[in-house]
$ cat work_14.tsv   # TSV, N, CA and C atoms
chain	number	residue	atom	x	y	z
S	1	MET	N	15.92	21.33	12.27
S	1	MET	CA	15.66	20.40	11.19
S	1	MET	C	15.41	19.00	11.74
S	2	GLU	N	16.12	18.61	12.79
S	2	GLU	CA	15.91	17.29	13.37
S	2	GLU	C	14.50	17.15	13.93
S	3	GLN	N	13.98	18.24	14.47
S	3	GLN	CA	12.63	18.23	15.02
S	3	GLN	C	11.59	17.95	13.94
S	4	ALA	N	11.77	18.56	12.79
S	4	ALA	CA	10.83	18.35	11.68
S	4	ALA	C	10.90	16.90	11.21
S	5	GLN	N	12.09	16.35	11.15
S	5	GLN	CA	12.25	14.96	10.72
S	5	GLN	C	11.61	14.01	11.74
S	6	ALA	N	11.77	14.29	13.01
S	6	ALA	CA	11.17	13.45	14.05
S	6	ALA	C	9.65	13.51	13.97
S	7	ALA	N	9.13	14.71	13.72
S	7	ALA	CA	7.67	14.85	13.60
S	7	ALA	C	7.15	14.09	12.39
S	8	ARG	N	7.89	14.14	11.30
S	8	ARG	CA	7.50	13.42	10.09
S	8	ARG	C	7.51	11.91	10.35
S	9	GLN	N	8.54	11.42	11.03
S	9	GLN	CA	8.62	10.00	11.35
S	9	GLN	C	7.46	9.57	12.24
S	10	ALA	N	7.10	10.40	13.20
S	10	ALA	CA	5.97	10.09	14.09
S	10	ALA	C	4.68	10.00	13.29
S	11	LYS	N	4.51	10.88	12.33
S	11	LYS	CA	3.31	10.83	11.49
S	11	LYS	C	3.30	9.59	10.61
S	12	TYR	N	4.48	9.22	10.08
S	12	TYR	CA	4.57	7.99	9.29
S	12	TYR	C	4.19	6.78	10.13
S	13	THR	N	4.69	6.74	11.36
S	13	THR	CA	4.40	5.62	12.25
S	13	THR	C	2.90	5.56	12.55
S	14	GLU	N	2.31	6.70	12.82
S	14	GLU	CA	0.86	6.77	13.09
S	14	GLU	C	0.07	6.34	11.85
S	15	ALA	N	0.47	6.81	10.70
S	15	ALA	CA	-0.22	6.45	9.46
S	15	ALA	C	-0.09	4.96	9.18
S	16	GLU	N	1.09	4.40	9.42
S	16	GLU	CA	1.30	2.98	9.17
S	16	GLU	C	0.44	2.13	10.11
S	17	GLN	N	0.32	2.55	11.36
S	17	GLN	CA	-0.53	1.83	12.31
S	17	GLN	C	-1.99	1.87	11.86
S	18	SER	N	-2.45	3.03	11.41
S	18	SER	CA	-3.83	3.16	10.94
S	18	SER	C	-4.07	2.28	9.71
S	19	LEU	N	-3.12	2.29	8.78
S	19	LEU	CA	-3.27	1.46	7.59
S	19	LEU	C	-3.22	-0.03	7.92
S	20	SER	N	-2.40	-0.41	8.88
S	20	SER	CA	-2.36	-1.82	9.31
S	20	SER	C	-3.70	-2.25	9.87
S	21	GLU	N	-4.30	-1.40	10.68
S	21	GLU	CA	-5.63	-1.70	11.22
S	21	GLU	C	-6.66	-1.81	10.10
S	22	ALA	N	-6.59	-0.90	9.14
S	22	ALA	CA	-7.52	-0.94	8.02
S	22	ALA	C	-7.34	-2.21	7.21
S	23	LEU	N	-6.10	-2.60	6.97
S	23	LEU	CA	-5.84	-3.83	6.21
S	23	LEU	C	-6.44	-5.04	6.93
S	24	ASN	N	-6.28	-5.09	8.23
S	24	ASN	CA	-6.84	-6.21	8.98
S	24	ASN	C	-8.35	-6.26	8.88
S	25	SER	N	-8.99	-5.11	8.94
S	25	SER	CA	-10.45	-5.10	8.85
S	25	SER	C	-10.95	-5.33	7.42
S	26	LEU	N	-10.12	-5.00	6.43
S	26	LEU	CA	-10.53	-5.16	5.03
S	26	LEU	C	-10.28	-6.56	4.48
S	27	ARG	N	-9.69	-7.42	5.25
S	27	ARG	CA	-9.41	-8.77	4.76
S	27	ARG	C	-10.69	-9.48	4.31
S	28	ARG	N	-11.82	-9.08	4.87
S	28	ARG	CA	-13.10	-9.70	4.49
S	28	ARG	C	-13.89	-8.81	3.52
S	29	ALA	N	-13.36	-7.65	3.20
S	29	ALA	CA	-14.02	-6.71	2.29
S	29	ALA	C	-13.72	-7.12	0.85
S	30	PRO	N	-14.38	-6.47	-0.09
S	30	PRO	CA	-14.06	-6.75	-1.50
S	30	PRO	C	-12.58	-6.54	-1.76
S	31	GLU	N	-12.03	-7.39	-2.61
S	31	GLU	CA	-10.59	-7.35	-2.87
S	31	GLU	C	-10.13	-6.00	-3.41
S	32	SER	N	-10.98	-5.30	-4.13
S	32	SER	CA	-10.56	-4.01	-4.67
S	32	SER	C	-10.27	-3.01	-3.55
S	33	GLU	N	-11.05	-3.04	-2.47
S	33	GLU	CA	-10.81	-2.15	-1.34
S	33	GLU	C	-9.52	-2.54	-0.63
S	34	PHE	N	-9.31	-3.84	-0.49
S	34	PHE	CA	-8.10	-4.34	0.15
S	34	PHE	C	-6.88	-3.93	-0.67
S	35	ALA	N	-6.95	-4.06	-1.98
S	35	ALA	CA	-5.84	-3.68	-2.85
S	35	ALA	C	-5.55	-2.18	-2.74
S	36	HIS	N	-6.59	-1.37	-2.66
S	36	HIS	CA	-6.40	0.07	-2.52
S	36	HIS	C	-5.65	0.39	-1.23
S	37	CYS	N	-6.02	-0.27	-0.15
S	37	CYS	CA	-5.36	-0.04	1.13
S	37	CYS	C	-3.91	-0.55	1.09
S	38	LEU	N	-3.69	-1.70	0.46
S	38	LEU	CA	-2.32	-2.21	0.30
S	38	LEU	C	-1.47	-1.21	-0.47
S	39	ASN	N	-2.04	-0.65	-1.51
S	39	ASN	CA	-1.32	0.34	-2.32
S	39	ASN	C	-0.96	1.56	-1.47
S	40	SER	N	-1.88	1.99	-0.63
S	40	SER	CA	-1.60	3.13	0.26
S	40	SER	C	-0.46	2.81	1.22
S	41	MET	N	-0.46	1.60	1.75
S	41	MET	CA	0.61	1.19	2.66
S	41	MET	C	1.95	1.19	1.91
S	42	ALA	N	1.95	0.70	0.68
S	42	ALA	CA	3.18	0.68	-0.12
S	42	ALA	C	3.68	2.10	-0.37
S	43	GLU	N	2.77	3.00	-0.72
S	43	GLU	CA	3.16	4.40	-0.96
S	43	GLU	C	3.74	5.03	0.29
S	44	LEU	N	3.16	4.71	1.44
S	44	LEU	CA	3.67	5.23	2.70
S	44	LEU	C	5.09	4.72	2.96
S	45	ARG	N	5.31	3.45	2.72
S	45	ARG	CA	6.65	2.89	2.94
S	45	ARG	C	7.67	3.49	1.98
S	46	ILE	N	7.26	3.77	0.77
S	46	ILE	CA	8.15	4.44	-0.18
S	46	ILE	C	8.48	5.85	0.31
S	47	ALA	N	7.46	6.56	0.80
S	47	ALA	CA	7.66	7.91	1.32
S	47	ALA	C	8.59	7.90	2.53
S	48	LYS	N	8.55	6.82	3.31
S	48	LYS	CA	9.45	6.69	4.46
S	48	LYS	C	10.87	6.34	4.04
S	49	GLY	N	11.06	6.06	2.77
S	49	GLY	CA	12.39	5.69	2.29
S	49	GLY	C	12.68	4.21	2.39
S	50	ASP	N	11.62	3.39	2.38
S	50	ASP	CA	11.78	1.94	2.49
S	50	ASP	C	11.09	1.23	1.33
S	51	PRO	N	11.58	1.46	0.09
S	51	PRO	CA	10.91	0.84	-1.06
S	51	PRO	C	10.99	-0.68	-1.07
S	52	ALA	N	11.99	-1.25	-0.43
S	52	ALA	CA	12.12	-2.72	-0.41
S	52	ALA	C	10.94	-3.37	0.29
S	53	SER	N	10.44	-2.75	1.36
S	53	SER	CA	9.28	-3.33	2.05
S	53	SER	C	7.98	-3.05	1.32
S	54	ALA	N	7.99	-2.09	0.40
S	54	ALA	CA	6.80	-1.78	-0.39
S	54	ALA	C	6.62	-2.75	-1.55
S	55	GLU	N	7.71	-3.30	-2.05
S	55	GLU	CA	7.66	-4.13	-3.24
S	55	GLU	C	6.71	-5.33	-3.11
S	56	PRO	N	6.76	-6.11	-2.03
S	56	PRO	CA	5.83	-7.24	-1.95
S	56	PRO	C	4.36	-6.81	-1.90
S	57	LEU	N	4.12	-5.65	-1.30
S	57	LEU	CA	2.75	-5.13	-1.26
S	57	LEU	C	2.27	-4.76	-2.65
S	58	LEU	N	3.15	-4.11	-3.41
S	58	LEU	CA	2.80	-3.72	-4.78
S	58	LEU	C	2.60	-4.94	-5.68
S	59	GLN	N	3.37	-5.98	-5.44
S	59	GLN	CA	3.18	-7.22	-6.20
S	59	GLN	C	1.82	-7.82	-5.89
S	60	GLN	N	1.41	-7.75	-4.64
S	60	GLN	CA	0.10	-8.28	-4.27
S	60	GLN	C	-1.02	-7.44	-4.90
S	61	VAL	N	-0.85	-6.13	-4.94
S	61	VAL	CA	-1.83	-5.25	-5.58
S	61	VAL	C	-1.96	-5.62	-7.06
S	62	PHE	N	-0.83	-5.82	-7.71
S	62	PHE	CA	-0.85	-6.21	-9.12
S	62	PHE	C	-1.61	-7.52	-9.32
S	63	GLN	N	-1.35	-8.51	-8.47
S	63	GLN	CA	-2.02	-9.80	-8.61
S	63	GLN	C	-3.54	-9.66	-8.42
S	64	ILE	N	-3.95	-8.86	-7.46
S	64	ILE	CA	-5.38	-8.64	-7.23
S	64	ILE	C	-6.00	-7.94	-8.43
S	65	ASP	N	-5.34	-6.87	-8.90
S	65	ASP	CA	-5.86	-6.13	-10.06
S	65	ASP	C	-5.96	-7.03	-11.29
S	66	GLU	N	-4.94	-7.83	-11.51
S	66	GLU	CA	-4.94	-8.71	-12.67
S	66	GLU	C	-6.07	-9.73	-12.57
S	67	GLU	N	-6.29	-10.26	-11.37
S	67	GLU	CA	-7.35	-11.25	-11.17
S	67	GLU	C	-8.74	-10.63	-11.33
S	68	LEU	N	-8.93	-9.45	-10.76
S	68	LEU	CA	-10.25	-8.80	-10.79
S	68	LEU	C	-10.56	-8.14	-12.13
S	69	LEU	N	-9.55	-7.51	-12.74
S	69	LEU	CA	-9.78	-6.66	-13.91
S	69	LEU	C	-9.25	-7.23	-15.22
S	70	GLY	N	-8.32	-8.15	-15.11
S	70	GLY	CA	-7.70	-8.71	-16.31
S	70	GLY	C	-6.35	-8.05	-16.58
S	71	PRO	N	-5.51	-8.73	-17.34
S	71	PRO	CA	-4.15	-8.23	-17.58
S	71	PRO	C	-4.07	-6.99	-18.46
S	72	ASP	N	-5.08	-6.72	-19.26
S	72	ASP	CA	-5.04	-5.59	-20.18
S	72	ASP	C	-5.75	-4.35	-19.67
S	73	HIS	N	-6.32	-4.42	-18.49
S	73	HIS	CA	-7.04	-3.28	-17.94
S	73	HIS	C	-6.06	-2.17	-17.56
S	74	PRO	N	-6.41	-0.90	-17.78
S	74	PRO	CA	-5.50	0.20	-17.45
S	74	PRO	C	-5.03	0.21	-15.99
S	75	THR	N	-5.92	-0.12	-15.08
S	75	THR	CA	-5.54	-0.14	-13.67
S	75	THR	C	-4.47	-1.20	-13.41
S	76	THR	N	-4.60	-2.34	-14.03
S	76	THR	CA	-3.61	-3.39	-13.89
S	76	THR	C	-2.27	-2.93	-14.44
S	77	THR	N	-2.31	-2.28	-15.58
S	77	THR	CA	-1.09	-1.78	-16.20
S	77	THR	C	-0.42	-0.73	-15.32
S	78	ILE	N	-1.21	0.15	-14.74
S	78	ILE	CA	-0.67	1.18	-13.86
S	78	ILE	C	-0.01	0.56	-12.64
S	79	SER	N	-0.58	-0.52	-12.11
S	79	SER	CA	0.00	-1.13	-10.92
S	79	SER	C	1.34	-1.79	-11.20
S	80	LEU	N	1.68	-1.96	-12.47
S	80	LEU	CA	3.00	-2.49	-12.83
S	80	LEU	C	4.10	-1.44	-12.68
S	81	GLN	N	3.72	-0.18	-12.71
S	81	GLN	CA	4.72	0.90	-12.71
S	81	GLN	C	5.24	1.17	-11.35
$ encode --input "work_14.tsv" --output "structure tokens"
Amino acid sequence: MEQAQAARQAKYTEAEQSLSEALNSLRRAPESEFAHCLNSMAELRIAKGDPASAEPLLQQVFQIDEELLGPDHPTTTISLQ
């Protein structure tokens, strides 16, 4: 069982590194793409059992969605959950 957990952690680390690289390259991309990548990073951190580090990312996603789509858009509302 410990082996499976170690393998899962290694995959999380690899995924987080890939998402970090993507976030850095997307800083100049349309904000919607950047928000999507931020959301993926937040989901990964939640899956790793670290929801506290995901919260600021999700707040940033919400702010981007609200700015781009408006406060009443379904996507903005979903990002509140």
$ residues_around --input "work_14.tsv" --residues "segment 40-57 of chain S" --least-positions-apart "5" --cutoff "8 Å" --atoms "only C-alpha atoms" --output "PDB file with N, CA and C atoms, in the frame of the given file"
ATOM      1  N   GLN S   9       8.540  11.420  11.030  1.00  0.00           N
ATOM      2  CA  GLN S   9       8.620  10.000  11.350  1.00  0.00           C
ATOM      3  C   GLN S   9       7.460   9.570  12.240  1.00  0.00           C
ATOM      4  N   TYR S  12       4.480   9.220  10.080  1.00  0.00           N
ATOM      5  CA  TYR S  12       4.570   7.990   9.290  1.00  0.00           C
ATOM      6  C   TYR S  12       4.190   6.780  10.130  1.00  0.00           C
ATOM      7  N   ALA S  15       0.470   6.810  10.700  1.00  0.00           N
ATOM      8  CA  ALA S  15      -0.220   6.450   9.460  1.00  0.00           C
ATOM      9  C   ALA S  15      -0.090   4.960   9.180  1.00  0.00           C
ATOM     10  N   GLU S  16       1.090   4.400   9.420  1.00  0.00           N
ATOM     11  CA  GLU S  16       1.300   2.980   9.170  1.00  0.00           C
ATOM     12  C   GLU S  16       0.440   2.130  10.110  1.00  0.00           C
ATOM     13  N   LEU S  19      -3.120   2.290   8.780  1.00  0.00           N
ATOM     14  CA  LEU S  19      -3.270   1.460   7.590  1.00  0.00           C
ATOM     15  C   LEU S  19      -3.220  -0.030   7.920  1.00  0.00           C
ATOM     16  N   SER S  20      -2.400  -0.410   8.880  1.00  0.00           N
ATOM     17  CA  SER S  20      -2.360  -1.820   9.310  1.00  0.00           C
ATOM     18  C   SER S  20      -3.700  -2.250   9.870  1.00  0.00           C
TER      19      SER S  20
END
$ atom_distance --input "work_14.tsv" --atom1 "atom CA of Phe62 of chain S" --atom2 "atom CA of Pro30 of chain S"
15.3 Å
$ atom_distance --input "work_14.tsv" --atom1 "atom CA of Leu23 of chain S" --atom2 "atom CA of Asn39 of chain S"
10.5 Å
$ atom_distance --input "work_14.tsv" --atom1 "atom C of Gln5 of chain S" --atom2 "atom C of Gln17 of chain S"
18.2 Å
$ select_by_dssp --input "work_14.tsv" --residues "chain S" --states "helix (DSSP H, G or I)" --output "ChimeraX atom specification"
/S:2-26,31-47,51-69,74-79
$ closest_residue --input "work_14.tsv" --among "S:Thr76, S:Val61, S:Ala7, S:Leu69" --to "Phe34 of chain S" --atoms "only N, CA and C atoms"
S:Val61
$ closest_residue --input "work_14.tsv" --among "S:Ile64, S:Ala4, S:Ile78, S:Ala10" --to "Glu33 of chain S" --atoms "only C-alpha atoms"
S:Ile64
$ residues_around --input "work_14.tsv" --residues "Leu68 of chain S" --least-positions-apart "5" --cutoff "9 Å" --atoms "only C-alpha atoms" --output "PDB file with N, CA and C atoms, in the coordinates of the input"
ATOM      1  N   GLU S  31     -12.030  -7.390  -2.610  1.00  0.00           N
ATOM      2  CA  GLU S  31     -10.590  -7.350  -2.870  1.00  0.00           C
ATOM      3  C   GLU S  31     -10.130  -6.000  -3.410  1.00  0.00           C
ATOM      4  N   SER S  32     -10.980  -5.300  -4.130  1.00  0.00           N
ATOM      5  CA  SER S  32     -10.560  -4.010  -4.670  1.00  0.00           C
ATOM      6  C   SER S  32     -10.270  -3.010  -3.550  1.00  0.00           C
ATOM      7  N   GLN S  63      -1.350  -8.510  -8.470  1.00  0.00           N
ATOM      8  CA  GLN S  63      -2.020  -9.800  -8.610  1.00  0.00           C
ATOM      9  C   GLN S  63      -3.540  -9.660  -8.420  1.00  0.00           C
TER      10      GLN S  63
END
$ build_atoms --input "work_14.tsv" --residues "segment 48-59 of chain S" --atoms "all heavy atoms" --output "PDB file, in the frame of the given file"
ATOM      1  N   LYS S  48       8.550   6.820   3.310  1.00  0.00           N
ATOM      2  CA  LYS S  48       9.450   6.690   4.460  1.00  0.00           C
ATOM      3  C   LYS S  48      10.870   6.340   4.040  1.00  0.00           C
ATOM      4  O   LYS S  48      11.762   6.292   4.863  1.00  0.00           O
ATOM      5  CB  LYS S  48       8.934   5.596   5.409  1.00  0.00           C
ATOM      6  CG  LYS S  48       7.723   5.975   6.202  1.00  0.00           C
ATOM      7  CD  LYS S  48       7.185   4.813   7.018  1.00  0.00           C
ATOM      8  CE  LYS S  48       8.198   4.197   7.940  1.00  0.00           C
ATOM      9  NZ  LYS S  48       7.629   3.120   8.781  1.00  0.00           N
ATOM     10  N   GLY S  49      11.060   6.060   2.770  1.00  0.00           N
ATOM     11  CA  GLY S  49      12.390   5.690   2.290  1.00  0.00           C
ATOM     12  C   GLY S  49      12.680   4.210   2.390  1.00  0.00           C
ATOM     13  O   GLY S  49      13.830   3.796   2.456  1.00  0.00           O
ATOM     14  N   ASP S  50      11.620   3.390   2.380  1.00  0.00           N
ATOM     15  CA  ASP S  50      11.780   1.940   2.490  1.00  0.00           C
ATOM     16  C   ASP S  50      11.090   1.230   1.330  1.00  0.00           C
ATOM     17  O   ASP S  50      10.132   0.481   1.525  1.00  0.00           O
ATOM     18  CB  ASP S  50      11.215   1.473   3.832  1.00  0.00           C
ATOM     19  CG  ASP S  50      11.506   0.024   4.128  1.00  0.00           C
ATOM     20  OD1 ASP S  50      12.322  -0.594   3.408  1.00  0.00           O
ATOM     21  OD2 ASP S  50      10.919  -0.506   5.089  1.00  0.00           O
ATOM     22  N   PRO S  51      11.580   1.460   0.090  1.00  0.00           N
ATOM     23  CA  PRO S  51      10.910   0.840  -1.060  1.00  0.00           C
ATOM     24  C   PRO S  51      10.990  -0.680  -1.070  1.00  0.00           C
ATOM     25  O   PRO S  51      10.131  -1.343  -1.639  1.00  0.00           O
ATOM     26  CB  PRO S  51      11.638   1.445  -2.259  1.00  0.00           C
ATOM     27  CG  PRO S  51      12.950   1.902  -1.741  1.00  0.00           C
ATOM     28  CD  PRO S  51      12.725   2.264  -0.301  1.00  0.00           C
ATOM     29  N   ALA S  52      11.990  -1.250  -0.430  1.00  0.00           N
ATOM     30  CA  ALA S  52      12.120  -2.720  -0.410  1.00  0.00           C
ATOM     31  C   ALA S  52      10.940  -3.370   0.290  1.00  0.00           C
ATOM     32  O   ALA S  52      10.452  -4.426  -0.145  1.00  0.00           O
ATOM     33  CB  ALA S  52      13.427  -3.132   0.258  1.00  0.00           C
ATOM     34  N   SER S  53      10.440  -2.750   1.360  1.00  0.00           N
ATOM     35  CA  SER S  53       9.280  -3.330   2.050  1.00  0.00           C
ATOM     36  C   SER S  53       7.980  -3.050   1.320  1.00  0.00           C
ATOM     37  O   SER S  53       6.965  -3.705   1.576  1.00  0.00           O
ATOM     38  CB  SER S  53       9.195  -2.830   3.495  1.00  0.00           C
ATOM     39  OG  SER S  53       8.803  -1.480   3.538  1.00  0.00           O
ATOM     40  N   ALA S  54       7.990  -2.090   0.400  1.00  0.00           N
ATOM     41  CA  ALA S  54       6.800  -1.780  -0.390  1.00  0.00           C
ATOM     42  C   ALA S  54       6.620  -2.750  -1.550  1.00  0.00           C
ATOM     43  O   ALA S  54       5.497  -3.007  -1.984  1.00  0.00           O
ATOM     44  CB  ALA S  54       6.878  -0.350  -0.918  1.00  0.00           C
ATOM     45  N   GLU S  55       7.710  -3.300  -2.050  1.00  0.00           N
ATOM     46  CA  GLU S  55       7.660  -4.130  -3.240  1.00  0.00           C
ATOM     47  C   GLU S  55       6.710  -5.330  -3.110  1.00  0.00           C
ATOM     48  O   GLU S  55       5.877  -5.546  -3.999  1.00  0.00           O
ATOM     49  CB  GLU S  55       9.047  -4.599  -3.639  1.00  0.00           C
ATOM     50  CG  GLU S  55       9.047  -5.339  -4.958  1.00  0.00           C
ATOM     51  CD  GLU S  55      10.452  -5.708  -5.420  1.00  0.00           C
ATOM     52  OE1 GLU S  55      11.439  -5.235  -4.849  1.00  0.00           O
ATOM     53  OE2 GLU S  55      10.531  -6.479  -6.382  1.00  0.00           O
ATOM     54  N   PRO S  56       6.760  -6.110  -2.030  1.00  0.00           N
ATOM     55  CA  PRO S  56       5.830  -7.240  -1.950  1.00  0.00           C
ATOM     56  C   PRO S  56       4.360  -6.810  -1.900  1.00  0.00           C
ATOM     57  O   PRO S  56       3.478  -7.487  -2.434  1.00  0.00           O
ATOM     58  CB  PRO S  56       6.210  -7.978  -0.665  1.00  0.00           C
ATOM     59  CG  PRO S  56       7.386  -7.298  -0.108  1.00  0.00           C
ATOM     60  CD  PRO S  56       7.693  -6.095  -0.921  1.00  0.00           C
ATOM     61  N   LEU S  57       4.120  -5.650  -1.300  1.00  0.00           N
ATOM     62  CA  LEU S  57       2.750  -5.130  -1.260  1.00  0.00           C
ATOM     63  C   LEU S  57       2.270  -4.760  -2.650  1.00  0.00           C
ATOM     64  O   LEU S  57       1.143  -5.072  -3.042  1.00  0.00           O
ATOM     65  CB  LEU S  57       2.660  -3.911  -0.332  1.00  0.00           C
ATOM     66  CG  LEU S  57       3.061  -4.118   1.120  1.00  0.00           C
ATOM     67  CD1 LEU S  57       2.987  -2.803   1.881  1.00  0.00           C
ATOM     68  CD2 LEU S  57       2.218  -5.178   1.781  1.00  0.00           C
ATOM     69  N   LEU S  58       3.150  -4.110  -3.410  1.00  0.00           N
ATOM     70  CA  LEU S  58       2.800  -3.720  -4.780  1.00  0.00           C
ATOM     71  C   LEU S  58       2.600  -4.940  -5.680  1.00  0.00           C
ATOM     72  O   LEU S  58       1.736  -4.934  -6.554  1.00  0.00           O
ATOM     73  CB  LEU S  58       3.859  -2.786  -5.346  1.00  0.00           C
ATOM     74  CG  LEU S  58       3.928  -1.412  -4.671  1.00  0.00           C
ATOM     75  CD1 LEU S  58       5.150  -0.640  -5.151  1.00  0.00           C
ATOM     76  CD2 LEU S  58       2.656  -0.626  -4.894  1.00  0.00           C
ATOM     77  N   GLN S  59       3.370  -5.980  -5.440  1.00  0.00           N
ATOM     78  CA  GLN S  59       3.180  -7.220  -6.200  1.00  0.00           C
ATOM     79  C   GLN S  59       1.820  -7.820  -5.890  1.00  0.00           C
ATOM     80  O   GLN S  59       1.129  -8.322  -6.794  1.00  0.00           O
ATOM     81  CB  GLN S  59       4.296  -8.216  -5.886  1.00  0.00           C
ATOM     82  CG  GLN S  59       5.622  -7.821  -6.468  1.00  0.00           C
ATOM     83  CD  GLN S  59       6.757  -8.736  -6.024  1.00  0.00           C
ATOM     84  OE1 GLN S  59       6.622  -9.543  -5.110  1.00  0.00           O
ATOM     85  NE2 GLN S  59       7.897  -8.599  -6.677  1.00  0.00           N
TER      86      GLN S  59
END
